[in-house]
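Participant: One structure is given below, represented as structure tokens, and several questions about it will come after.
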Amino acid sequence: EVQLVESGGGLVQPGGSLRLSCAASGFIFGSFYMTWIRQAPGKELEWVSTINPVGDTTYAESIKGRFTISRDNAENTVHLQLTHLEIEDTAMYYCARGFWGNLFERGQGTQVTVSS
């Protein structure tokens with residue numbers, strides 16, 4: 001059974017930082033693209049970032065230069081470092097197996113709230 005468990009969300013002030021983690025199990029982690037997506041209240045699901053099995057990365061324009069995706073294939077984890085957070089980054093963040101347009105499972109999510 002595929003499991004994706006996110007952690008690391010929380011309440012942070014504008015300009016602050018958080019590090020999200022996703023622990024994966026139930027599949028050959030090192031063979032798959034991994035993606036972070038988010039959904040703000042009342043808005044559609046939004047692609048954030050993707051990392052391929054060898055570590056090449058892509059980012060949405062809205063977060064480029066502020067967020068960094070990484071993975072540890074030995075630990076079956078994928079991370080998203082969030083810096084210079086803005087109020088507009090408030091959302092539920094999910095990790096998912098696959099790439100945007102071809103996503104398989106996603107986790108339960110971790111809430112990021114940016115507020116002063």
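Going by the structure tokens order, chains are called A, B, ..., each with residues numbered from 1, while ligands are numbered from 1 in the order shown.
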Mind checking which residues fall within 9 Å of region 86-97 of chain A, counting only C-alpha atoms, ignoring those fewer than 5 positions away in the same chain, and posting them as an MDAnalysis selection string?
Facilitator: chainID A and resid 4:6 9 13:16 20:22 24 29 32:41 63 78:79 102:116
Participant: Could you pull out the strand (DSSP E or B) residues of chain A from DSSP and send them as an MDAnalysis selection string?
Facilitator: chainID A and resid 3:7 10:12 18:25 34:39 45:51 57:59 67:72 77:82 91:99 102:106 110:114
Participant: Mind pulling up the distance from CA of Gln3 (chain A) to CA of Ile69 (chain A)?
Facilitator: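 Atom-to-atom, CA of Ile69 (chain A) and CA of Gln3 (chain A) are spaced 19.2 Å apart.
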Participant: How far is it from CA of Ser7 (chain A) to CA of Tyr59 (chain A), in Å with one decimal?
Facilitator: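 Answer for the CA of Ser7 (chain A) to CA of Tyr59 (chain A) separation: 20.3 Å.
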Participant: Using CA of Lys64 (chain A) and CA of Leu80 (chain A) as the two end points, give the distance in Å to one decimal.
Facilitator: 12.1 Å
